[in-house]
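Visitor: File name upload-v6.cif; file contents mmCIF, C-alpha atoms and all ligand atoms; full text below.
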```cif
data_start
loop_
_atom_site.label_atom_id
_atom_site.label_comp_id
_atom_site.auth_asym_id
_atom_site.auth_seq_id
_atom_site.Cartn_x
_atom_site.Cartn_y
_atom_site.Cartn_z
CA VAL I 14 -0.48 -17.28 -24.96
CA SER I 15 0.16 -19.55 -22.01
CA ARG I 16 3.74 -19.61 -20.71
CA THR I 17 5.64 -22.36 -18.90
CA ILE I 18 7.23 -21.04 -15.71
CA ALA I 19 9.27 -22.96 -13.12
CA ILE I 20 8.95 -21.79 -9.51
CA SER I 21 11.08 -23.10 -6.66
CA GLY I 22 9.53 -22.81 -3.21
CA SER I 23 6.10 -23.14 -4.84
CA ALA I 24 4.53 -24.88 -1.82
CA SER I 25 4.55 -21.89 0.54
CA GLY I 26 4.74 -18.13 0.96
CA MET I 27 5.74 -15.93 -1.97
CA GLY I 28 6.41 -18.88 -4.31
CA ALA I 29 2.95 -20.32 -3.64
CA THR I 30 1.26 -16.93 -4.07
CA LEU I 31 3.06 -16.40 -7.37
CA ALA I 32 2.18 -19.93 -8.55
CA THR I 33 -1.54 -19.32 -7.88
CA LYS I 34 -1.43 -15.94 -9.63
CA LEU I 35 0.23 -17.38 -12.74
CA ARG I 36 -2.04 -20.43 -12.88
CA ASP I 37 -5.07 -18.14 -12.58
CA ALA I 38 -3.72 -16.31 -15.64
CA SER I 39 -3.50 -19.67 -17.51
CA ASP I 40 0.26 -20.05 -17.35
CA ARG I 41 1.64 -23.51 -16.77
CA VAL I 42 3.61 -23.69 -13.51
CA ILE I 43 6.21 -26.34 -12.74
CA GLY I 44 6.65 -26.11 -8.98
CA ILE I 45 9.79 -27.32 -7.22
CA ASP I 46 9.70 -27.91 -3.47
CA LEU I 47 10.29 -30.44 -0.70
CA HIS I 48 6.58 -31.34 -0.79
CA ASP I 49 3.34 -30.47 -2.63
CA ALA I 50 4.99 -29.68 -5.96
CA GLU I 51 5.30 -31.08 -9.47
CA VAL I 52 9.00 -31.66 -8.79
CA ILE I 53 9.90 -32.89 -5.32
CA ALA I 54 13.57 -32.08 -4.76
CA ASP I 55 15.85 -30.97 -1.93
CA LEU I 56 17.80 -27.95 -3.16
CA CYS I 57 20.18 -28.33 -0.22
CA THR I 58 22.13 -31.11 -1.94
CA PRO I 59 23.86 -31.41 -5.34
CA GLU I 60 21.79 -34.56 -6.08
CA GLY I 61 18.55 -32.76 -5.25
CA ARG I 62 19.49 -29.79 -7.45
CA GLN I 63 20.38 -32.11 -10.33
CA ARG I 64 17.06 -33.89 -9.89
CA ALA I 65 15.20 -30.57 -9.94
CA VAL I 66 16.95 -29.47 -13.13
CA THR I 67 16.45 -32.81 -14.91
CA GLU I 68 12.77 -32.99 -13.97
CA VAL I 69 12.03 -29.39 -14.97
CA ILE I 70 13.69 -29.96 -18.35
CA ARG I 71 11.66 -33.14 -18.83
CA LEU I 72 8.32 -31.64 -17.74
CA SER I 73 8.84 -28.47 -19.77
CA GLY I 74 9.68 -30.40 -22.93
CA GLY I 75 12.99 -28.52 -23.13
CA ALA I 76 11.67 -24.94 -23.28
CA LEU I 77 10.96 -22.70 -20.31
CA ASP I 78 9.62 -19.13 -20.55
CA GLY I 79 10.41 -18.13 -16.99
CA LEU I 80 12.03 -19.14 -13.72
CA ALA I 81 11.32 -17.71 -10.27
CA ALA I 82 13.70 -19.02 -7.59
CA CYS I 83 11.79 -18.45 -4.35
CA ALA I 84 12.83 -21.44 -2.21
CA GLY I 85 14.83 -20.46 0.83
CA LEU I 86 15.48 -21.01 4.51
CA PRO I 87 15.07 -18.34 7.20
CA THR I 88 17.82 -16.53 9.14
CA ARG I 89 17.31 -18.82 12.13
CA ALA I 90 18.15 -22.01 10.17
CA GLN I 91 21.57 -23.63 10.46
CA ASP I 92 24.19 -21.44 8.75
CA ALA I 93 25.63 -24.13 6.46
CA LYS I 94 22.16 -25.25 5.30
CA VAL I 95 21.13 -21.66 4.65
CA VAL I 96 24.19 -21.13 2.44
CA SER I 97 23.50 -24.38 0.58
CA VAL I 98 19.81 -23.69 -0.09
CA ASN I 99 19.74 -19.89 -0.38
CA TYR I 100 22.84 -19.53 -2.55
CA PHE I 101 23.84 -22.83 -4.18
CA GLY I 102 20.22 -24.04 -4.47
CA VAL I 103 19.46 -20.92 -6.51
CA THR I 104 22.59 -20.66 -8.64
CA ALA I 105 22.31 -24.35 -9.61
CA LEU I 106 18.85 -23.66 -11.08
CA LEU I 107 20.10 -20.60 -12.97
CA GLU I 108 23.00 -22.58 -14.38
CA GLY I 109 21.13 -25.82 -15.03
CA LEU I 110 18.09 -24.21 -16.65
CA CYS I 111 19.85 -21.47 -18.64
CA ASP I 112 19.74 -23.33 -21.98
CA THR I 113 16.14 -24.46 -21.37
CA LEU I 114 15.21 -20.82 -20.79
CA ALA I 115 17.06 -19.82 -23.95
CA ALA I 116 14.66 -22.11 -25.86
CA GLY I 117 11.64 -20.29 -24.37
CA ARG I 118 9.75 -17.17 -25.44
CA GLU I 119 11.04 -13.85 -24.01
CA PRO I 120 12.73 -15.77 -21.20
CA ALA I 121 13.15 -14.15 -17.83
CA ALA I 122 14.43 -15.28 -14.45
CA VAL I 123 14.00 -13.67 -11.05
CA VAL I 124 15.40 -14.67 -7.67
CA ILE I 125 14.61 -13.56 -4.13
CA ALA I 126 17.53 -12.04 -2.25
CA SER I 127 16.67 -9.97 0.83
CA ALA I 128 16.83 -6.42 2.17
CA ALA I 129 19.22 -8.04 4.67
CA VAL I 130 21.94 -7.64 2.01
CA THR I 131 22.45 -4.13 3.39
CA PHE I 132 22.19 -4.75 7.13
CA GLY I 133 22.35 -8.50 7.83
CA LYS I 134 25.26 -10.20 9.55
CA VAL I 135 27.75 -11.28 6.90
CA SER I 136 30.95 -13.32 6.68
CA PRO I 137 32.96 -11.65 3.88
CA GLU I 138 34.87 -14.90 3.47
CA ALA I 139 31.67 -16.89 3.02
CA VAL I 140 30.46 -14.38 0.40
CA GLU I 141 33.73 -14.72 -1.54
CA LEU I 142 33.67 -18.51 -1.35
CA CYS I 143 30.05 -18.58 -2.57
CA LEU I 144 31.04 -16.45 -5.55
CA ALA I 145 34.01 -18.77 -6.17
CA GLY I 146 31.61 -21.74 -6.24
CA ASP I 147 33.22 -23.37 -3.19
CA GLU I 148 30.20 -24.73 -1.31
CA ALA I 149 32.07 -26.63 1.41
CA GLY I 150 34.33 -23.64 2.07
CA ALA I 151 31.43 -21.15 2.11
CA CYS I 152 29.47 -23.35 4.53
CA SER I 153 32.38 -23.62 6.98
CA ALA I 154 33.12 -19.90 6.75
CA ALA I 155 29.47 -19.10 7.54
CA GLU I 156 29.48 -21.54 10.46
CA ALA I 157 32.62 -19.91 11.83
CA ARG I 158 30.62 -16.68 12.17
CA PRO I 159 27.33 -17.81 13.77
CA GLY I 160 24.25 -16.15 12.31
CA SER I 161 26.03 -15.02 9.13
CA GLY I 162 24.70 -17.71 6.77
CA TYR I 163 21.58 -15.86 5.65
CA GLY I 164 23.17 -12.43 5.06
CA SER I 165 26.18 -13.98 3.35
CA ALA I 166 24.10 -16.18 1.02
CA LYS I 167 21.75 -13.35 0.04
CA LEU I 168 24.57 -10.82 -0.50
CA ALA I 169 26.50 -13.31 -2.64
CA LEU I 170 23.30 -14.09 -4.57
CA ALA I 171 22.68 -10.40 -5.33
CA HIS I 172 26.24 -10.08 -6.67
CA GLN I 173 26.00 -13.31 -8.65
CA VAL I 174 22.76 -12.15 -10.30
CA ARG I 175 24.58 -9.10 -11.65
CA ARG I 176 27.50 -11.20 -12.89
CA VAL I 177 25.35 -13.89 -14.52
CA ALA I 178 22.80 -11.45 -15.97
CA THR I 179 25.51 -9.53 -17.81
CA SER I 180 27.34 -12.63 -19.07
CA GLN I 181 27.02 -13.40 -22.78
CA ARG I 182 25.10 -16.62 -22.08
CA TRP I 183 22.26 -14.50 -20.68
CA ILE I 184 22.42 -10.97 -22.01
CA GLY I 185 23.71 -12.18 -25.41
CA ARG I 186 20.51 -14.22 -25.78
CA ARG I 187 18.30 -11.39 -24.51
CA MET I 188 17.40 -13.29 -21.37
CA THR I 189 16.76 -11.16 -18.31
CA LEU I 190 17.76 -12.02 -14.76
CA ASN I 191 16.95 -9.85 -11.76
CA ALA I 192 16.68 -10.09 -7.98
CA ILE I 193 14.20 -8.65 -5.57
CA ALA I 194 15.28 -7.74 -2.05
CA PRO I 195 12.21 -7.85 0.21
CA GLY I 196 11.89 -6.45 3.70
CA VAL I 197 9.62 -8.34 6.09
CA VAL I 198 6.85 -10.19 4.26
CA ARG I 199 3.92 -11.95 5.92
CA THR I 200 4.48 -15.64 5.04
CA PRO I 201 4.80 -18.85 7.06
CA MET I 202 8.54 -18.00 7.35
CA THR I 203 7.82 -14.89 9.41
CA ALA I 204 4.73 -16.09 11.31
CA GLU I 205 6.65 -16.43 14.56
CA LEU I 206 8.32 -13.01 14.25
CA LEU I 207 5.07 -11.24 13.34
CA ALA I 208 3.27 -12.84 16.30
CA HIS I 209 5.34 -10.65 18.64
CA PRO I 210 3.47 -7.42 19.43
CA ASN I 211 6.69 -5.38 19.20
CA TRP I 212 8.19 -6.94 16.11
CA VAL I 213 8.23 -3.60 14.23
CA SER I 214 10.91 -2.22 16.55
CA SER I 215 13.18 -5.23 16.01
CA VAL I 216 13.67 -4.94 12.22
CA PRO I 217 14.02 -2.02 9.79
CA THR I 218 10.47 -1.28 8.54
CA THR I 219 10.00 2.35 7.63
CA MET I 220 6.28 1.93 6.93
CA GLY I 221 5.63 0.15 10.20
CA ARG I 222 4.07 -2.89 8.57
CA ALA I 223 5.03 -6.10 6.86
CA ALA I 224 4.41 -6.56 3.15
CA GLU I 225 1.74 -9.04 2.10
CA ALA I 226 2.86 -11.98 -0.04
CA TRP I 227 0.69 -10.80 -2.95
CA GLU I 228 2.57 -7.49 -3.06
CA LEU I 229 5.80 -9.40 -3.66
CA ALA I 230 4.18 -11.85 -6.07
CA GLY I 231 3.15 -8.85 -8.17
CA VAL I 232 6.77 -7.68 -8.38
CA LEU I 233 7.98 -11.18 -9.25
CA GLU I 234 5.33 -11.34 -11.96
CA PHE I 235 6.53 -7.99 -13.32
CA PHE I 236 10.07 -9.38 -13.69
CA LEU I 237 8.69 -12.39 -15.59
CA GLY I 238 6.46 -10.30 -17.82
CA PRO I 239 6.61 -8.04 -20.89
CA TYR I 240 7.15 -4.72 -19.07
CA SER I 241 10.60 -5.63 -17.71
CA ARG I 242 12.29 -6.74 -20.94
CA PHE I 243 14.84 -3.89 -20.77
CA ILE I 244 15.77 -4.51 -17.11
CA THR I 245 18.47 -7.01 -16.23
CA GLY I 246 21.07 -7.46 -13.50
CA GLU I 247 19.06 -5.29 -11.10
CA VAL I 248 18.42 -5.83 -7.41
CA LEU I 249 15.13 -4.17 -6.55
CA PHE I 250 14.44 -3.39 -2.90
CA VAL I 251 10.81 -4.04 -1.99
CA ASP I 252 11.07 -3.02 1.63
CA GLY I 253 8.74 -0.10 2.24
CA GLY I 254 11.57 2.42 1.82
CA ALA I 255 13.87 1.02 4.52
CA GLU I 256 16.93 0.82 2.25
CA ALA I 257 16.28 4.24 0.70
CA SER I 258 15.94 5.88 4.10
CA ARG I 259 19.32 4.50 5.18
CA HIS I 260 21.13 5.46 1.97
CA THR I 261 19.51 8.70 0.85
CA ALA I 262 22.78 9.98 -0.68
CA THR I 263 23.59 6.95 -2.80
CA ILE I 264 22.24 5.50 -6.00
CA THR I 265 23.60 1.94 -5.88
CA ALA I 266 27.39 2.25 -5.55
CA ARG I 267 27.79 5.89 -6.61
CA SER I 268 27.53 8.79 -4.22
CA ALA I 269 25.17 11.51 -5.42
CA LEU I 270 27.86 14.04 -4.51
CA GLU I 271 30.53 12.53 -6.79
CA GLY I 272 31.29 14.15 -10.13
N1 LIG I 301 9.27 -13.63 4.38
C1 LIG I 301 10.15 -12.64 4.44
O1 LIG I 301 10.02 -11.70 5.24
C2 LIG I 301 11.34 -12.65 3.51
C3 LIG I 301 12.12 -11.48 3.43
C4 LIG I 301 13.21 -11.45 2.57
C5 LIG I 301 13.50 -12.55 1.79
N2 LIG I 301 12.75 -13.68 1.90
C6 LIG I 301 13.09 -14.81 1.03
O2 LIG I 301 11.99 -15.11 0.21
C7 LIG I 301 12.00 -16.47 -0.16
C8 LIG I 301 10.62 -17.07 0.08
O3 LIG I 301 10.35 -16.98 1.47
P1 LIG I 301 8.89 -17.15 2.10
O4 LIG I 301 8.78 -16.08 3.10
O5 LIG I 301 7.89 -17.28 1.02
O6 LIG I 301 9.12 -18.51 2.91
P2 LIG I 301 8.28 -19.84 3.09
O7 LIG I 301 8.97 -20.55 4.21
O8 LIG I 301 6.84 -19.56 3.20
O9 LIG I 301 8.54 -20.64 1.73
C9 LIG I 301 9.80 -21.15 1.40
C10 LIG I 301 9.62 -22.41 0.58
O10 LIG I 301 10.93 -22.90 0.24
C11 LIG I 301 10.91 -24.30 0.38
N3 LIG I 301 12.24 -24.83 0.67
C12 LIG I 301 13.00 -24.61 1.78
N4 LIG I 301 14.11 -25.35 1.73
C13 LIG I 301 14.06 -26.06 0.58
C14 LIG I 301 14.92 -27.04 -0.02
N5 LIG I 301 16.03 -27.45 0.60
N6 LIG I 301 14.57 -27.56 -1.21
C15 LIG I 301 13.42 -27.18 -1.83
N7 LIG I 301 12.57 -26.27 -1.31
C16 LIG I 301 12.88 -25.72 -0.11
C17 LIG I 301 10.00 -24.56 1.58
O11 LIG I 301 9.54 -25.91 1.60
C18 LIG I 301 8.90 -23.54 1.34
O12 LIG I 301 7.84 -24.08 0.59
C19 LIG I 301 13.13 -17.11 0.63
O13 LIG I 301 14.26 -17.21 -0.19
C20 LIG I 301 13.38 -16.11 1.74
O14 LIG I 301 14.70 -16.14 2.21
C21 LIG I 301 11.67 -13.75 2.74
#
```
Would it be possible to restate this file's structure as C-alpha cells?
Guide:
Amino acid sequence: VSRTIAISGSASGMGATLATKLRDASDRVIGIDLHDAEVIADLCTPEGRQRAVTEVIRLSGGALDGLAACAGLPTRAQDAKVVSVNYFGVTALLEGLCDTLAAGREPAAVVIASAAVTFGKVSPEAVELCLAGDEAGACSAAEARPGSGYGSAKLALAHQVRRVATSQRWIGRRMTLNAIAPGVVRTPMTAELLAHPNWVSSVPTTMGRAAEAWELAGVLEFFLGPYSRFITGEVLFVDGGAEASRHTATITARSALEG
C-alpha cells in the first residue's frame, strides 16, 4: 500500500536520495525545500515553517504516514541561521505535523542530527535555550561562541527527539520518532570538504571513507518502515564506528563498569 511521506530537504543530498527511493517504491512524497519541491518554504523563519506545515497538511489531505526532516545548513553557515534551520526548522515540523501523523498508518518520524553531537563545538547555553524554545536567545548564545551553532543545534535536537518521542502525544499514539547521527556523507554539503586530498585526517572517520547518501537513505527508510515499530527516542550513529571507537566503555549514558 502506498504511503504518504513528507521530506524536508528533498531537493538535495540525503533528502533527495530518500525521496527518489520512496517514489521508486510507489510511496507519495511531499517534498519541502527552498526550491524544486512540492512545498517551497524557508524553514529559517516562523512564517516559512507555518507555510510548510499548512501546505503539507493540505497536500496530504490531513493524514501523513511518515516524516523525514532532512533539511539543514552546514557547520560553516552563520551560527544564528544554523540554529534556526537545524533546530527550530525541525522541531516546528514535528510539532506542527504531529496530529497529521497521528491520522496516518503506522506513523513514524525521523530527523537527521549529526555525529558532531559528541565532538562538535557547542554552546551549552544555546543548547538549553533551544530546549526551552527560545529561538532569539539560542541564536544570540550561538553567535556569542563562533562556530557553535551547528553542534549546539544538533545536540539540542538529539535531546529533543528523546523528550518528544517519549511524550504521551507521540508514544501514547504509538508514533515513533528517532534521530540518526551521521558522520561525513558524500552530498553537495560536503563536496568542498571531500575535494581536499587530506580530508580524512581532518574529521573523525574510523573507516577512512565518507558514507554514500544511499547508505543513509537506507537507514532513514528503515526508521519509516515496518521493522522499526518498536524503536523510538533513539539516536543512531551512522558514522563508520567513529563514536563507538571513542566511547568503547559506554552504552549511551551508562558506564559498562557501573553496577
Ligand atoms: N553531509 C554530511 O556529511 C552530514 C553529516 C551529518 C549530518 N548532516 C545533516 O544531514 C542533513 C542533510 O544534509 P545533506 O548533506 O543532504 O545536505 P544538502 O545540502 O545536500 O541538502 C540540504 C537541503 O536542505 C535544504 N535547506 C537548507 N536550508 C533550508 C531552509 N531554510 N528551508 C528549507 N530547506 C532548506 C537545502 O536547500 C538542501 O536541499 C542536514 O541536516 C545536515 O546537517 C549531514
Visitor: In Å, rounded to a single decimal, give me how far CA of Ala257 (chain I) is from atom C3 of ligand LIG 301 (chain I).
Guide: 16.5 Å
Visitor: Would you place a box with edges along x, y and z of the file around all atoms of ligand LIG 301 (chain I) listed there, add 8 Å to each of its six sides, and report the centre and edge lengths in Å to one decimal, as lines of an AutoDock Vina configuration file?
Guide:
```
center_x = 11.4
center_y = -19.5
center_z = 1.7
size_x = 25.2
size_y = 32.1
size_z = 23.1
```
Visitor: Could you pull out the residues sitting within 6 Å of ligand LIG 301 (chain I), using all atoms listed in the file, and write them as a CSV table (one decimal) with C-alpha atoms, keeping the file's coordinate frame?
Guide:
```
chain,number,residue,atom,x,y,z
I,22,GLY,CA,9.5,-22.8,-3.2
I,23,SER,CA,6.1,-23.1,-4.8
I,24,ALA,CA,4.5,-24.9,-1.8
I,25,SER,CA,4.6,-21.9,0.5
I,26,GLY,CA,4.7,-18.1,1.0
I,27,MET,CA,5.7,-15.9,-2.0
I,28,GLY,CA,6.4,-18.9,-4.3
I,46,ASP,CA,9.7,-27.9,-3.5
I,47,LEU,CA,10.3,-30.4,-0.7
I,54,ALA,CA,13.6,-32.1,-4.8
I,55,ASP,CA,15.8,-31.0,-1.9
I,56,LEU,CA,17.8,-28.0,-3.2
I,57,CYS,CA,20.2,-28.3,-0.2
I,83,CYS,CA,11.8,-18.4,-4.4
I,84,ALA,CA,12.8,-21.4,-2.2
I,85,GLY,CA,14.8,-20.5,0.8
I,86,LEU,CA,15.5,-21.0,4.5
I,87,PRO,CA,15.1,-18.3,7.2
I,98,VAL,CA,19.8,-23.7,-0.1
I,125,ILE,CA,14.6,-13.6,-4.1
I,126,ALA,CA,17.5,-12.0,-2.2
I,127,SER,CA,16.7,-10.0,0.8
I,195,PRO,CA,12.2,-7.8,0.2
I,196,GLY,CA,11.9,-6.4,3.7
I,197,VAL,CA,9.6,-8.3,6.1
I,198,VAL,CA,6.8,-10.2,4.3
I,199,ARG,CA,3.9,-12.0,5.9
I,200,THR,CA,4.5,-15.6,5.0
I,201,PRO,CA,4.8,-18.8,7.1
I,202,MET,CA,8.5,-18.0,7.4
I,203,THR,CA,7.8,-14.9,9.4
```
Visitor: Pick out the closest residue to Ala105 (chain I) from this set: I:Asp78, I:Glu148, I:Asp37, I:Glu138. Count all atoms listed in the file.
Guide: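 Of I:Asp78, I:Glu148, I:Asp37, I:Glu138, the one nearest Ala105 (chain I), counting all atoms listed in the file, is I:Glu148.
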Visitor: So what do you get for CA of Cys143 (chain I) versus CA of Ser165 (chain I), distance-wise?
Guide: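 Result for CA of Cys143 (chain I) versus CA of Ser165 (chain I): 8.4 Å, one decimal.
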Visitor: Between CA of Asn191 (chain I) and CA of Asp252 (chain I), what is the distance in Å, rounded to a tenth?
Guide: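 Calculated distance between CA of Asn191 (chain I) and CA of Asp252 (chain I) is 16.1 Å.
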Visitor: Around the point (16.9, -0.7, 4.9), in the coordinates given by the file, pick out the residues reaching within 10 Å, counting all atoms listed in the file, and return them as a PyMOL selection string.
Guide: chain I and resi 128-133+195-196+216-219+250-260
Visitor: (20.5, -8.8, -11.7) in this file's frame - what residues fall within 9 Å of it? Use all atoms listed in the file and give the answer as a PyMOL selection string.
Guide: chain I and resi 123-124+171-179+189-193+244-249
Visitor: Using all atoms listed in the file, find the one residue out of I:Val103, I:Val66, I:Leu142, I:Arg186 that sits nearest to Ala116 (chain I).
Guide: I:Arg186
Visitor: With only C-alpha atoms as the counted atoms, please give the residues lying no more than 12 Å from Gly160 (chain I), apart from itself and same-chain residues fewer than 3 positions off, as a list in words.
Guide: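 Here the answer would be Pro87, Thr88, Arg89, Ala90, Gln91, Asp92, Ala93, Lys94, Val95, Val96, Gly133, Lys134, Val135, Ser136, Ala139, Cys152, Ala154, Ala155, Glu156, Ala157, Tyr163, Gly164, Ser165 and Ala166 of chain I.
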Visitor: With only C-alpha atoms as the atoms that count, which of I:Ala149, I:Leu233, I:Ala82, I:Ala115 lies nearest to Leu170 (chain I)?
Guide: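 Closest candidate: I:Ala82.
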Visitor: Kindly indicate which residue among I:Lys167, I:Val69, I:Glu51, I:Ala81 lies nearest to Phe101 (chain I), using only C-alpha atoms for the distances.
Guide: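 Among the listed residues, the smallest separation from Phe101 (chain I) belongs to I:Lys167.
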Visitor: Which one is closest to Leu144 (chain I): I:Trp183, I:Phe235, I:Trp227, I:Tyr100? Count all atoms listed in the file.
Guide: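 So, comparing all the options, the nearest one is I:Tyr100.
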Visitor: Residues at most 9 Å from Leu106 (chain I), counting only C-alpha atoms, excluding those fewer than 6 positions away in the same chain, as a PyMOL selection string?
Guide: chain I and resi 21+62-63+65-66+80+82
Visitor: Closest to Pro59 (chain I) among I:Ala19, I:His209, I:Ser97, I:Ile184, using all atoms listed in the file?
Guide: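 Smallest distance to Pro59 (chain I) is found for I:Ser97.
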